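S.K.: For reference, the structure I am asking about is given below.
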Number of protein chains: 2
Amino acid sequence: MNFDQLFEPAMACSRRWPRCGPKDRCAAPRDAGEHIVIVGGGFGGLAAAVALRRAPVRVTIIDRRNYHLFQPLLYQVATAGLSPADIASPIRSILRRHRNTTVLLGKVTGIDVAGKAVLTDTGRLAYDQLVVATGARHAYFSHEEWERFAPGLKKIDDAVDIRGRILIAFERAESSSDERERRRLLSFVIVGGGPTGVEMAGAIAELARRALATDFRNIDPGSARIVLVESGPRLLSHFPEPLSAFAERSLARLGVEIRVGTRVSRCDPEGVVLANQRLEAHTIVWAAGVMASPAAKWLDAERDAAGRVLVGPDLTLKGHPEIFVIGDTASVDGADGKPLPGIALVAKQQGAYVARVIAARRRGGPAPAPFRYRHLGTMATIGRKSAVVDFGGVRLTGFAAWLLWGLVHVCFLVGFRNRAAVTMGWLWAYLTFERGARLITGHET
Amino acid sequence: MNFDQLFEPAMACSRRWPRCGPKDRCAAPRDAGEHIVIVGGGFGGLAAAVALRRAPVRVTIIDRRNYHLFQPLLYQVATAGLSPADIASPIRSILRRHRNTTVLLGKVTGIDVAGKAVLTDTGRLAYDQLVVATGARHAYFSHEEWERFAPGLKKIDDAVDIRGRILIAFERAESSSDERERRRLLSFVIVGGGPTGVEMAGAIAELARRALATDFRNIDPGSARIVLVESGPRLLSHFPEPLSAFAERSLARLGVEIRVGTRVSRCDPEGVVLANQRLEAHTIVWAAGVMASPAAKWLDAERDAAGRVLVGPDLTLKGHPEIFVIGDTASVDGADGKPLPGIALVAKQQGAYVARVIAARRRGGPAPAPFRYRHLGTMATIGRKSAVVDFGGVRLTGFAAWLLWGLVHVCFLVGFRNRAAVTMGWLWAYLTFERGARLITGHET
């Protein structure tokens with residue numbers, strides 16, 4: 001089908017798009033304006049849609065999932081602390097009151113740059129201006145065959161899968177009588193010492209040593225071996241050195257073995273090989289690298305080594321001022337000349353910036369100054385009650401950092417219901433060391 | 001492997017089974033007593049395990065899932081009101097403090113009645129006495145091929161699947177421009193007018209008319225057609241007639257079409273045929289019948305038409321006093337000569353009864369009187385703010401019944417965390433008409 005018919009003026013004037021309540025004046029603009037298509041409902045795409053709310057344009061946001069995911073807390077789903085619905089909200093309900101915005105569920109298969117249309121599994125979607133915010137997947141550095149043994153953590157399905165693997169490891173160990181097999185089942189390897197790796201290692205350590213401590217009869221979950229592997233010289237390489245050192249000490253206190261300067265040379269169903277040393281492990285979690293979505297291929301655009309599209313200072317594609325690329329899909333240099341990191345804050349600021357550019361063009365005003373990232377800070381949590389926070393000048397570690405981390409994350413979560421559920425889940429976990437979402441679902445056992 | 005080695009006295013005395021904390025006296029009994037194996041961690045099996053807590057026996061409970069599911073609220077997961085983890089708790093953590101109890105995750109493949117052992121996918125599990133509480137699945141009356149088009153609602157995976165189907169139906173309707181296809185997508189058929197069918201119909205109606213009402217641009221979710229089909233002469237046939245009539249009126253007010261005395265003669269991907277009338281529908285939910293688990297086959301026992309094992313007045317298998325069958329797996333007649341219904345209350349009372357029989361045998365005391373079901377009441381909810389409750393003499397309808405229904409269900413939910421999360425979820429849904437768990441996961445779109 002052709003989506004364009006959904007946006008024909010006739011339909012807008014019949015007051016079905018945007019819908020008006022019985023008490024409203026007709027809100028359908030006479031000239032509905034340009035059609036802005038946003039591909040992807042992550043932090044970048046959503047920020048662009050929200051910022052375009054009052055712009056005299058029609059906005060369509062398309063995503064292959066019906067929800068916006070608060071990815072920074074995904075590791076808590078993977079370690080049974082939160083439920084998927086606690087960190088995800090339907091895009092449709094977030095944008096419910098945006099009368100100029102239509103939300104579509106669909107899979108984008110390509111972009112017809114010359115014909116100015118997005119190709120989806122159900123038809124063409126013509127645009128006047130396009131915002132590509134399709135994010136990134138984890139990458140295995142040309143060892144894609146490792147994915148089966150060492151899943152990454154980007155989607156809710158990934159997190160539920162990893163949660164099942166971790167919980168099944170303890171269950172199988174409980175009913176195994178082979179000591180070597182037990183040790184293998186109770187060994188967990190996390191590859192990658194960035195925030196996700198650090199958070200996963202801390203959360204698995206606490207799950208084993210606390211939440212599961214008294215639940216088994218034949219094994220001691222606290223004896224689980226958790227190994228965090230990082231190829232670089234230190235954990236959290238984007239953080240100042242003292243914070244990295246603090247994180248290492250905190251994790252070591254939780255009983256996590258840290259192997260910096262070590263590369264994984266092999267992954268298989270039985271374990272990993274680290275710098276020529278074999279490590280038998282049932283559960284391997286990949287947190288080591290990302291590769292941008294295939295947007296660069298769709299656009300036939302210049303890209304960097306991680307597949308990210310090279311964009312100009314106004315985040316548009318060279319030669320195509322009508323195409324913006326933002327978030328993890330784009331390669332943009334920061335003030336220090338280094339590429340900006342693939343974090344939510346960058347994507348959100350880029351989404352808002354793009355909306356300003358679009359609004360300025362519509363008004364015919366001068367173009368905004370080139371995009372400049374305002375670094376507000378980075379943080380990572382290390383298990384319960386500890387975190388590291390870097391606000392440029394201000395650095396915090398330990399409990400105060402953890403409180404701040406919790407506050408910031410709860411505030412950023414979209415939707416009140418989620419915020420309350422997450423707060424309660426955390427409070428409960430803090431008071432009792434319990435994990436509320438310890439379900440093995442979708443796994444044949 | 002052979003599970004028995006897990007329970008050798010040597011292991012018990014090494015204080016790994018049952019585990020003792022550093023401050024405890026050794027709790028491993030000198031004579032660990034008979035080994036009771038419970039198959040199934042539903043209402044019946046769990047009640048038996050809980051009631052055996054202080055009996056001088058060793059208990060092993062085995063289930064193919066790691067959690068106990070509060071099935072009566074499963075329809076709320078299927079209609080995006082609650083998250084799976086809200087209504088499920090790990091069996092392991094429920095029984096954490098039961099020092100005589102071991103929990104195993106495993107799939108039972110048969111029972112060696114002569115050799116007194118349960119056969120599992122990982123080995124034999126010898127028992128002295130056995131409690132079979134394996135529950136039931138939905139049944140299609142020799143039309144098993146309908147399951148693909150009309151999934152039933154017994155497991156969490158079922159509920160997540162149905163939730164995805166319902167939400168995808170609205171999404172596809174939003175992007176469809178074919179009026180007939182839209183009508184089909186927005187048609188929902190629920191087969192079976194028992195409590196599950198009534199609750200599903202009410203919940204889908206409220207989802208469409210309230211929670212989703214303002215989220216779409218091209219469709220009016222409130223125009224969804226919801227048809228509830230019952231082959232008998234009235235809904236809720238186990239309830240007194242006035243309550244059935246109330247339920248019908250309430251559902252009609254929510255816009256549910258009720259077809260009593262109507263059979264489904266065909267299900268296919270495009271819809272159903274009801275009494276020779278074709279009804280195009282994208283979503284069909286099966287709530288029409290149950291079939292007991294294959295336990296009767298494992299035991300080579302006499303069974304009724306629904307596959308339930310015929311048991312004696314003490315719930316044991318004829319000729320095998322060491323084998324108890326309870327819950328949905330057993331066919332037991334009530335005081336009125338009619339078979340007891342397959343509800344949680346029956347299973348729980350039977351589980352507790354079996355524990356009393358086992359304890360009496362162990363003490364060498366007289367056997368308890370034959371099992372007698374104490375009917376405390378039945379209830380069903382009809383959307384928001386309305387329910388029917390039948391406490392024998394006392395009958396309630398409407399808001400008061402709904403309050404009571406909510407109170408009872410929250411009280412029965414296992415584990416405080418779940419109780420708080422469910423209460424909050426409901427309160428939120430009540431105040432805002434929102435649904436907190438509107439995620440489409442695991443579906444390719």
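So you can find residues: chains in the structure tokens are A, B, ... in the order shown, residues in each start at 1, and ligands are numbered from 1 in order.
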Give the strand (DSSP E or B) residues of range 324-363 of chain A, as assigned by DSSP on the backbone, as a ChimeraX atom specification.

M.R.: /A:324-325,330-331,333,339

S.K.: Could you pull the residues within 10 Å of range 88-97 of chain B, counting only C-alpha atoms, minus those fewer than 4 positions along the same chain, as a PyMOL selection string?

M.R.: (chain A and resi 171+211-217+434-440) or (chain B and resi 18-19+41-42+46+49-50+53+61-63+65-71+73-74+83-84+101-105+156+413-415+417-418)

S.K.: Output N, CA and C atoms of each residue in that selection to a file, as a compact mmCIF listing (two decimals), in the first residue's frame.

M.R.:
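Generated output (part-v9.txt):
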# COMPACT_ATOMS: atom_id res chain seq x y z
N GLU A 171 19.98 -23.07 37.81
CA GLU A 171 19.09 -24.23 37.93
C GLU A 171 19.80 -25.51 37.52
N ALA A 211 20.58 -12.14 46.03
CA ALA A 211 19.19 -12.51 45.75
C ALA A 211 19.01 -14.02 45.76
N LEU A 212 19.98 -14.76 45.23
CA LEU A 212 19.82 -16.21 45.12
C LEU A 212 20.46 -16.96 46.29
N ALA A 213 21.11 -16.22 47.19
CA ALA A 213 22.01 -16.86 48.16
C ALA A 213 21.41 -18.05 48.89
N THR A 214 20.15 -17.96 49.31
CA THR A 214 19.60 -19.03 50.15
C THR A 214 18.58 -19.87 49.43
N ASP A 215 18.50 -19.76 48.11
CA ASP A 215 17.42 -20.43 47.38
C ASP A 215 17.77 -21.84 46.94
N PHE A 216 19.04 -22.20 47.00
CA PHE A 216 19.43 -23.50 46.45
C PHE A 216 19.87 -24.44 47.57
N ARG A 217 19.85 -25.74 47.28
CA ARG A 217 20.20 -26.73 48.30
C ARG A 217 21.52 -27.41 48.01
N GLU A 434 16.00 -8.75 47.07
CA GLU A 434 15.20 -9.61 46.19
C GLU A 434 15.31 -9.16 44.74
N ARG A 435 15.00 -10.06 43.83
CA ARG A 435 14.80 -9.68 42.44
C ARG A 435 13.38 -10.05 42.07
N GLY A 436 12.65 -9.10 41.55
CA GLY A 436 11.23 -9.31 41.33
C GLY A 436 10.87 -10.00 40.03
N ALA A 437 11.79 -10.09 39.10
CA ALA A 437 11.41 -10.55 37.76
C ALA A 437 12.20 -11.80 37.37
N ARG A 438 12.34 -12.71 38.33
CA ARG A 438 13.18 -13.89 38.09
C ARG A 438 12.43 -14.95 37.31
N LEU A 439 11.98 -14.65 36.12
CA LEU A 439 11.22 -15.60 35.32
C LEU A 439 12.06 -16.11 34.16
N ILE A 440 12.00 -17.40 33.94
CA ILE A 440 12.61 -17.96 32.73
C ILE A 440 11.45 -18.16 31.77
N PRO B 18 19.67 -30.03 54.15
CA PRO B 18 19.34 -28.65 53.78
C PRO B 18 20.43 -27.70 54.24
N ARG B 19 20.63 -26.60 53.55
CA ARG B 19 21.72 -25.73 53.92
C ARG B 19 21.46 -25.06 55.26
N GLY B 41 4.34 -27.10 40.17
CA GLY B 41 4.39 -26.02 41.15
C GLY B 41 3.23 -25.06 41.00
N GLY B 42 2.07 -25.57 40.61
CA GLY B 42 0.86 -24.73 40.55
C GLY B 42 0.23 -24.61 41.93
N LEU B 46 2.09 -26.53 45.08
CA LEU B 46 2.68 -25.59 46.03
C LEU B 46 2.01 -25.71 47.40
N ALA B 49 3.47 -28.68 49.13
CA ALA B 49 4.83 -28.43 49.61
C ALA B 49 4.81 -27.55 50.85
N VAL B 50 3.98 -26.50 50.80
CA VAL B 50 3.91 -25.58 51.95
C VAL B 50 3.41 -26.32 53.19
N ARG B 53 5.85 -28.50 55.18
CA ARG B 53 7.04 -27.79 55.65
C ARG B 53 7.63 -28.39 56.93
N ILE B 61 10.12 -30.76 44.87
CA ILE B 61 9.08 -30.27 43.95
C ILE B 61 9.75 -29.99 42.61
N ILE B 62 9.18 -30.54 41.57
CA ILE B 62 9.78 -30.37 40.24
C ILE B 62 8.75 -29.73 39.31
N ASP B 63 9.20 -28.76 38.54
CA ASP B 63 8.32 -28.09 37.59
C ASP B 63 9.15 -27.74 36.37
N ARG B 65 8.79 -25.07 34.78
CA ARG B 65 9.04 -23.63 34.81
C ARG B 65 9.60 -23.26 36.17
N ASN B 66 10.33 -22.19 36.23
CA ASN B 66 10.95 -21.85 37.50
C ASN B 66 10.04 -21.01 38.39
N TYR B 67 8.80 -20.78 37.93
CA TYR B 67 7.93 -19.90 38.69
C TYR B 67 6.55 -20.51 38.90
N HIS B 68 5.94 -20.08 39.99
CA HIS B 68 4.53 -20.36 40.23
C HIS B 68 3.73 -19.23 39.60
N LEU B 69 2.71 -19.58 38.85
CA LEU B 69 1.94 -18.58 38.12
C LEU B 69 0.58 -18.39 38.77
N PHE B 70 0.20 -17.15 39.01
CA PHE B 70 -1.13 -16.86 39.53
C PHE B 70 -2.07 -16.76 38.33
N GLN B 71 -2.50 -17.93 37.87
CA GLN B 71 -3.27 -18.00 36.63
C GLN B 71 -4.53 -17.13 36.57
N LEU B 73 -5.08 -14.22 37.10
CA LEU B 73 -4.84 -12.87 36.57
C LEU B 73 -4.14 -12.88 35.22
N LEU B 74 -4.00 -14.06 34.64
CA LEU B 74 -3.27 -14.16 33.37
C LEU B 74 -3.94 -13.31 32.28
N SER B 83 2.39 -6.93 34.03
CA SER B 83 3.57 -7.59 33.47
C SER B 83 3.61 -9.03 33.96
N PRO B 84 4.24 -9.91 33.17
CA PRO B 84 4.36 -11.30 33.62
C PRO B 84 4.91 -11.42 35.05
N THR B 101 12.85 -28.98 51.84
CA THR B 101 12.34 -28.96 50.48
C THR B 101 13.42 -28.57 49.46
N THR B 102 13.48 -29.34 48.40
CA THR B 102 14.36 -29.03 47.28
C THR B 102 13.51 -28.71 46.06
N VAL B 103 13.87 -27.70 45.33
CA VAL B 103 13.13 -27.32 44.13
C VAL B 103 13.99 -27.67 42.92
N LEU B 104 13.40 -28.34 41.96
CA LEU B 104 14.13 -28.68 40.74
C LEU B 104 13.41 -28.14 39.52
N LEU B 105 14.18 -27.60 38.58
CA LEU B 105 13.63 -27.20 37.29
C LEU B 105 13.85 -28.36 36.34
N ILE B 156 2.33 -18.10 30.65
CA ILE B 156 2.78 -16.72 30.42
C ILE B 156 3.07 -16.49 28.95
N LEU B 413 -2.23 -13.31 46.01
CA LEU B 413 -0.99 -13.28 45.24
C LEU B 413 0.18 -13.60 46.15
N VAL B 414 1.05 -14.44 45.65
CA VAL B 414 2.17 -14.87 46.48
C VAL B 414 3.26 -13.81 46.47
N GLY B 415 3.71 -13.44 47.66
CA GLY B 415 4.88 -12.57 47.74
C GLY B 415 4.49 -11.11 47.81
N ARG B 417 6.06 -8.32 47.11
CA ARG B 417 6.45 -7.43 46.03
C ARG B 417 5.39 -7.45 44.93
N ASN B 418 4.97 -8.65 44.57
CA ASN B 418 3.94 -8.76 43.56
C ASN B 418 2.67 -8.05 43.98

S.K.: Give me, please, the distance in Å between CA of Gln349 in chain B and CA of Pro294 in chain B, quoted to one decimal.

M.R.: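 Separation of CA of Gln349 in chain B and CA of Pro294 in chain B: 22.2 Å.
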
S.K.: Between A:Gly307, A:Pro151, A:Gly33, A:Gly392, which one has atoms that come closest to Tyr127 in chain A, using only C-alpha atoms?

M.R.: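 Once distances to Tyr127 in chain A are computed over only C-alpha atoms, the minimum belongs to A:Gly33.
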
S.K.: So which residues touch Gly289 in chain B within 9 Å, counting only C-alpha atoms, skipping near sequence neighbours fewer than 6 positions away, as a list of chain:residue names?

M.R.: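 Counting only C-alpha atoms, the residues come to B:Arg137, B:His138, B:Ala139, B:Tyr140, B:Phe141, B:Gly192, B:Ala306.
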
S.K.: For Arg372 in chain A, work out the shell of residues within 10 Å, counting only C-alpha atoms and skipping chain neighbours fewer than 5 positions away, then give it as a PyMOL selection string.

M.R.: chain A and resi 313-314+332-335+346+349-350+353

S.K.: Taking into account only C-alpha atoms, which residue in the set A:Leu167, A:Ala292, A:Ala208, A:Ile36 is nearest to chain B?

M.R.: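 Among the listed residues, the smallest separation from chain B belongs to A:Leu167.
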
S.K.: Assign secondary structure with DSSP using the backbone only, and return the residues of range 113-277 of chain A in helix (DSSP H, G or I) as a PyMOL selection string.

M.R.: chain A and resi 144-148+156-174+179-185+195-211+221-223+241-253

S.K.: Of the residues A:Val227, A:Leu251, A:Ala159, A:Ala287, which is the one nearest to chain B, using only C-alpha atoms?

M.R.: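 Looking at the shortest contact to chain B, the residue is A:Ala159.
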